[in-house]
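Notes to accompany the following structure.
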Amino acid sequence: MIYGLVRPEGAPAAPREPFDRQAAVSLFLAIVPPAALILMVLGSIFLGLATPTEAAGVGAAGALLLAWIKREVNPGVMREVLRETTITTGFIFAVMLGATAFALVFRGLDGDVLIEEALLSLPFGPNGIVFSILFATFLLGFFLDWIELTLIILPLVAPVVIGLGFDPVWFTIMFAVCLQTSFLTPPVGFALFYLKGVAPPGVTVTTIYRGVVPFIGCRC
């Protein structure tokens with residue numbers, strides 16, 4: 001609103017057009033299926049009928065049903081979906097195996113003790129230590145995916161945070177906020193790549209990078 005008041009040319013009013021009943025019906029019919037899919041996924045979670053993992057299965061089944069209704073399901077599509085799903089799942093399990101092996105060796109060499117002593121030696125007090133952990137997580141999110149941060153960093157710092165007397169649930173929520181913020185930070189911001197994929201050809205990556213700065217500030 002402030003931006004529109006300061007620079008009215010940056011937020012021009014939409015042109016007035018006559019009401020088109022057929023267009024309104026088409027729009028309604030286009031919105032109902034994805035809205036129903038969202039309601040199935042989130043509703044099953046909020047009502048306690050499914051866990052987030054189970055709700056993901058509900059979403060996949062709903063998307064498959066919608067594709068079948070629109071007659072977009074064929075052997076070629078199913079083959080490609082199964083192939084991409086297998087590749088993605090393989091990558092995730094490879095990262096999990098690598099992270100588990102790394103954590104095992106790291107703890108075997110007393111690396112977790114070194115991390116704990118380094119954090120506890122910071123002259124910031126308990127709150128400052130937690131802030132330092134979250135800030136380091138935010139910086140690591142510039143270059144690492146959330147899977148690596150969750151499987152490697154979180155198990156190393158969680159004992160320190162619990163030892164300082166903080167609630168692990170709330171710390172995990174704050175950790176998750178940092179991870180969500182890292183989705184907006186270049187160069188490995190997944191949300192930025194998603195936005196670039198659907199943006200018009202004239203929108204450059206640099207423009208998207210500049211545009212996310214206020215949102216990163218809000219999350220911080």
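Residue numbers start at 1 in each chain; chains themselves are named A, B, ... in the order of the structure tokens; ligands are numbered from 1 in the order shown.
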
Can you build me a table of segment 80-126 of chain A residues sitting at most 12 Å from segment 133-143 of chain A, with the closest atom pair per residue and its distance in Å to one decimal, using only C-alpha atoms, sorted by chain and residue number, as CSV?
residue,atom,partner,partner_atom,distance
A:Ile115,CA,A:Ile133,CA,10.9
A:Glu116,CA,A:Ile133,CA,11.3
A:Ala118,CA,A:Ile133,CA,11.3
A:Leu119,CA,A:Ile133,CA,8.3
A:Leu120,CA,A:Ile133,CA,11.2
A:Leu122,CA,A:Ile133,CA,11.0
A:Phe124,CA,A:Ile133,CA,11.6
A:Pro126,CA,A:Ile133,CA,10.8

Create the file for the chosen residues now, containing all heavy atoms and written as a short mmCIF file (atom, residue, chain, number, x, y, z; two decimals), in the first residue's frame.
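Listing of selection_19.cif after writing:
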data_model
loop_
_atom_site.label_atom_id
_atom_site.label_comp_id
_atom_site.auth_asym_id
_atom_site.auth_seq_id
_atom_site.Cartn_x
_atom_site.Cartn_y
_atom_site.Cartn_z
N ILE A 115 32.22 -29.15 18.97
CA ILE A 115 31.18 -28.17 18.67
C ILE A 115 30.54 -27.65 19.95
O ILE A 115 30.30 -26.45 20.10
CB ILE A 115 30.12 -28.80 17.74
CG1 ILE A 115 30.73 -29.17 16.39
CG2 ILE A 115 28.94 -27.86 17.57
CD1 ILE A 115 31.20 -27.99 15.58
N GLU A 116 30.25 -28.55 20.87
CA GLU A 116 29.61 -28.14 22.12
C GLU A 116 30.51 -27.20 22.91
O GLU A 116 30.05 -26.17 23.43
CB GLU A 116 29.29 -29.39 22.95
CG GLU A 116 28.58 -29.08 24.27
CD GLU A 116 28.20 -30.33 25.02
OE1 GLU A 116 28.47 -31.44 24.51
OE2 GLU A 116 27.64 -30.20 26.14
N ALA A 118 32.90 -25.32 21.74
CA ALA A 118 33.03 -24.06 21.03
C ALA A 118 31.82 -23.16 21.24
O ALA A 118 31.95 -21.94 21.44
CB ALA A 118 33.25 -24.33 19.54
N LEU A 119 30.63 -23.76 21.23
CA LEU A 119 29.42 -22.96 21.43
C LEU A 119 29.31 -22.45 22.86
O LEU A 119 28.96 -21.28 23.08
CB LEU A 119 28.18 -23.80 21.08
CG LEU A 119 27.99 -24.14 19.59
CD1 LEU A 119 26.80 -25.07 19.42
CD2 LEU A 119 27.79 -22.88 18.77
N LEU A 120 29.61 -23.30 23.81
CA LEU A 120 29.50 -22.89 25.21
C LEU A 120 30.56 -21.89 25.61
O LEU A 120 30.41 -21.19 26.63
CB LEU A 120 29.59 -24.13 26.12
CG LEU A 120 28.43 -25.13 26.01
CD1 LEU A 120 28.66 -26.33 26.92
CD2 LEU A 120 27.09 -24.47 26.33
N LEU A 122 31.32 -19.30 23.81
CA LEU A 122 30.99 -17.99 23.26
C LEU A 122 30.58 -17.04 24.38
O LEU A 122 29.81 -17.42 25.28
CB LEU A 122 29.84 -18.12 22.25
CG LEU A 122 30.14 -18.89 20.97
CD1 LEU A 122 28.88 -19.03 20.13
CD2 LEU A 122 31.24 -18.22 20.17
N PHE A 124 28.39 -14.83 24.91
CA PHE A 124 27.13 -14.17 24.61
C PHE A 124 26.02 -14.55 25.57
O PHE A 124 24.94 -13.96 25.52
CB PHE A 124 26.68 -14.51 23.18
CG PHE A 124 27.66 -14.13 22.12
CD1 PHE A 124 27.88 -14.97 21.05
CD2 PHE A 124 28.36 -12.94 22.20
CE1 PHE A 124 28.78 -14.63 20.07
CE2 PHE A 124 29.27 -12.58 21.21
CZ PHE A 124 29.48 -13.44 20.14
N PRO A 126 23.30 -17.61 27.16
CA PRO A 126 22.45 -18.62 26.50
C PRO A 126 21.69 -18.09 25.29
O PRO A 126 21.65 -18.71 24.24
CB PRO A 126 21.49 -19.06 27.62
CG PRO A 126 22.24 -18.78 28.88
CD PRO A 126 23.04 -17.54 28.61
#

key: alpha helix (DSSP H) per DSSP on the backbone: members of segment 126-178 of chain A, as a PyMOL selection string   = chain A and resi 126-140+146-148+154-163+168-178

Correct to one decimal, the distance atom CA of Phe183 of chain A-atom CA of Ile216 of chain A is 9.6 Å

If we count only C-alpha atoms, what is near segment 54-61 of chain A at a cut-off of 12 Å, once residues fewer than 3 positions away on the same chain are taken out, given as a PyMOL selection string?
chain A and resi 33-51+64-68+81+85

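You can rank A:Phe171, A:Val160, A:Asn74, A:Gly197 by their closest distance to Ser121 of chain A using only C-alpha atoms, and at the top of that list sits A:Val160.
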
Neighbouring residues of Phe102 of chain A were defined as those with any atom within 12 Å, considering only C-alpha atoms; residues of the same chain fewer than 5 positions away were excluded. Please report them as a CSV table (one decimal) with all heavy atoms, in the first residue's frame.
chain,number,residue,atom,x,y,z
A,95,VAL,N,21.5,-38.8,0.2
A,95,VAL,CA,21.9,-37.7,1.2
A,95,VAL,C,21.8,-38.2,2.6
A,95,VAL,O,22.6,-37.9,3.5
A,95,VAL,CB,21.1,-36.4,0.9
A,95,VAL,CG1,21.3,-35.4,2.0
A,95,VAL,CG2,21.4,-35.9,-0.5
A,96,MET,N,20.7,-38.9,2.9
A,96,MET,CA,20.5,-39.4,4.3
A,96,MET,C,21.5,-40.4,4.7
A,96,MET,O,22.1,-40.3,5.8
A,96,MET,CB,19.1,-40.0,4.4
A,96,MET,CG,17.9,-39.0,4.2
A,96,MET,SD,16.3,-39.8,4.3
A,96,MET,CE,16.3,-40.5,5.9
A,97,LEU,N,21.9,-41.3,3.8
A,97,LEU,CA,23.0,-42.2,4.1
A,97,LEU,C,24.3,-41.5,4.3
A,97,LEU,O,25.0,-41.8,5.2
A,97,LEU,CB,23.1,-43.3,3.0
A,97,LEU,CG,21.9,-44.2,2.8
A,97,LEU,CD1,22.1,-45.1,1.6
A,97,LEU,CD2,21.8,-45.1,4.1
A,107,ARG,N,31.1,-38.0,15.2
A,107,ARG,CA,30.9,-38.2,16.7
A,107,ARG,C,32.0,-39.2,17.2
A,107,ARG,O,32.5,-39.1,18.3
A,107,ARG,CB,29.5,-38.8,17.0
A,107,ARG,CG,28.4,-37.8,16.8
A,107,ARG,CD,27.1,-38.4,17.4
A,107,ARG,NE,26.0,-37.4,17.3
A,107,ARG,CZ,25.2,-37.3,16.3
A,107,ARG,NH1,25.3,-38.1,15.3
A,107,ARG,NH2,24.2,-36.4,16.3
A,108,GLY,N,32.4,-40.1,16.3
A,108,GLY,CA,33.5,-41.1,16.7
A,108,GLY,C,34.8,-40.3,16.9
A,108,GLY,O,35.6,-40.8,17.7
A,109,LEU,N,35.0,-39.2,16.3
A,109,LEU,CA,36.2,-38.4,16.4
A,109,LEU,C,36.0,-37.3,17.4
A,109,LEU,O,36.8,-36.4,17.5
A,109,LEU,CB,36.6,-37.8,15.1
A,109,LEU,CG,37.0,-38.9,14.0
A,109,LEU,CD1,37.3,-38.2,12.7
A,109,LEU,CD2,38.2,-39.7,14.5
A,111,GLY,N,33.9,-35.0,17.4
A,111,GLY,CA,33.6,-33.7,16.8
A,111,GLY,C,32.4,-33.0,17.5
A,111,GLY,O,32.4,-31.7,17.6
A,112,ASP,N,31.4,-33.8,18.0
A,112,ASP,CA,30.3,-33.2,18.7
A,112,ASP,C,30.7,-32.5,20.0
A,112,ASP,O,30.2,-31.4,20.3
A,112,ASP,CB,29.2,-34.2,18.9
A,112,ASP,CG,29.8,-35.4,19.7
A,112,ASP,OD1,31.0,-35.6,19.7
A,112,ASP,OD2,29.0,-36.1,20.3
A,148,GLU,N,20.5,-31.5,4.3
A,148,GLU,CA,21.8,-31.5,5.0
A,148,GLU,C,21.8,-30.8,6.3
A,148,GLU,O,22.3,-31.3,7.3
A,148,GLU,CB,22.9,-30.9,4.1
A,148,GLU,CG,23.1,-31.7,2.8
A,148,GLU,CD,22.2,-31.4,1.7
A,148,GLU,OE1,21.2,-30.7,1.9
A,148,GLU,OE2,22.6,-31.7,0.5
A,151,LEU,N,19.8,-33.0,8.9
A,151,LEU,CA,20.4,-34.2,9.3
A,151,LEU,C,21.8,-34.1,9.9
A,151,LEU,O,22.2,-35.0,10.6
A,151,LEU,CB,20.4,-35.2,8.1
A,151,LEU,CG,19.1,-35.6,7.5
A,151,LEU,CD1,19.3,-36.5,6.3
A,151,LEU,CD2,18.2,-36.3,8.5
A,152,ILE,N,22.5,-33.0,9.6
A,152,ILE,CA,23.8,-32.8,10.1
A,152,ILE,C,23.9,-31.8,11.2
A,152,ILE,O,24.4,-32.0,12.3
A,152,ILE,CB,24.8,-32.5,9.0
A,152,ILE,CG1,24.8,-33.6,8.0
A,152,ILE,CG2,26.2,-32.2,9.5
A,152,ILE,CD1,25.7,-33.4,6.7
A,153,ILE,N,23.4,-30.6,10.9
A,153,ILE,CA,23.6,-29.5,11.9
A,153,ILE,C,22.7,-29.6,13.1
A,153,ILE,O,23.2,-29.4,14.2
A,153,ILE,CB,23.3,-28.1,11.2
A,153,ILE,CG1,24.2,-28.0,9.9
A,153,ILE,CG2,23.6,-26.9,12.1
A,153,ILE,CD1,25.7,-28.0,10.3
A,155,PRO,N,21.3,-32.2,14.7
A,155,PRO,CA,21.7,-33.1,15.8
A,155,PRO,C,22.9,-32.7,16.5
A,155,PRO,O,23.1,-33.1,17.7
A,155,PRO,CB,22.0,-34.4,15.0
A,155,PRO,CG,21.2,-34.3,13.7
A,155,PRO,CD,21.2,-32.9,13.4
A,156,LEU,N,23.7,-31.8,15.9
A,156,LEU,CA,25.0,-31.4,16.6
A,156,LEU,C,24.7,-30.3,17.6
A,156,LEU,O,25.3,-30.2,18.7
A,156,LEU,CB,26.0,-30.9,15.6
A,156,LEU,CG,26.6,-32.0,14.7
A,156,LEU,CD1,27.6,-31.3,13.7
A,156,LEU,CD2,27.3,-33.0,15.5

Self-check item: Distance query segment 184-193 of chain A at most 12 Å, only C-alpha atoms, self and fewer than 3 positions along chain excluded, as a VMD selection string
Solution: chain A and resid 138 to 146 177 to 181 196 to 199 203 to 220

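Pairwise distance (atom CA of Ile162 of chain A, atom CA of Ile129 of chain A) equals 11.9 Å.
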
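Between atom CA of Val25 of chain A and atom CA of Val77 of chain A lies a distance of 29.3 Å.
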
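Closest approach to Thr100 of chain A among A:Ile147, A:Ile87, A:Val6, A:Met174 is made by A:Ile147 (distances from only C-alpha atoms).
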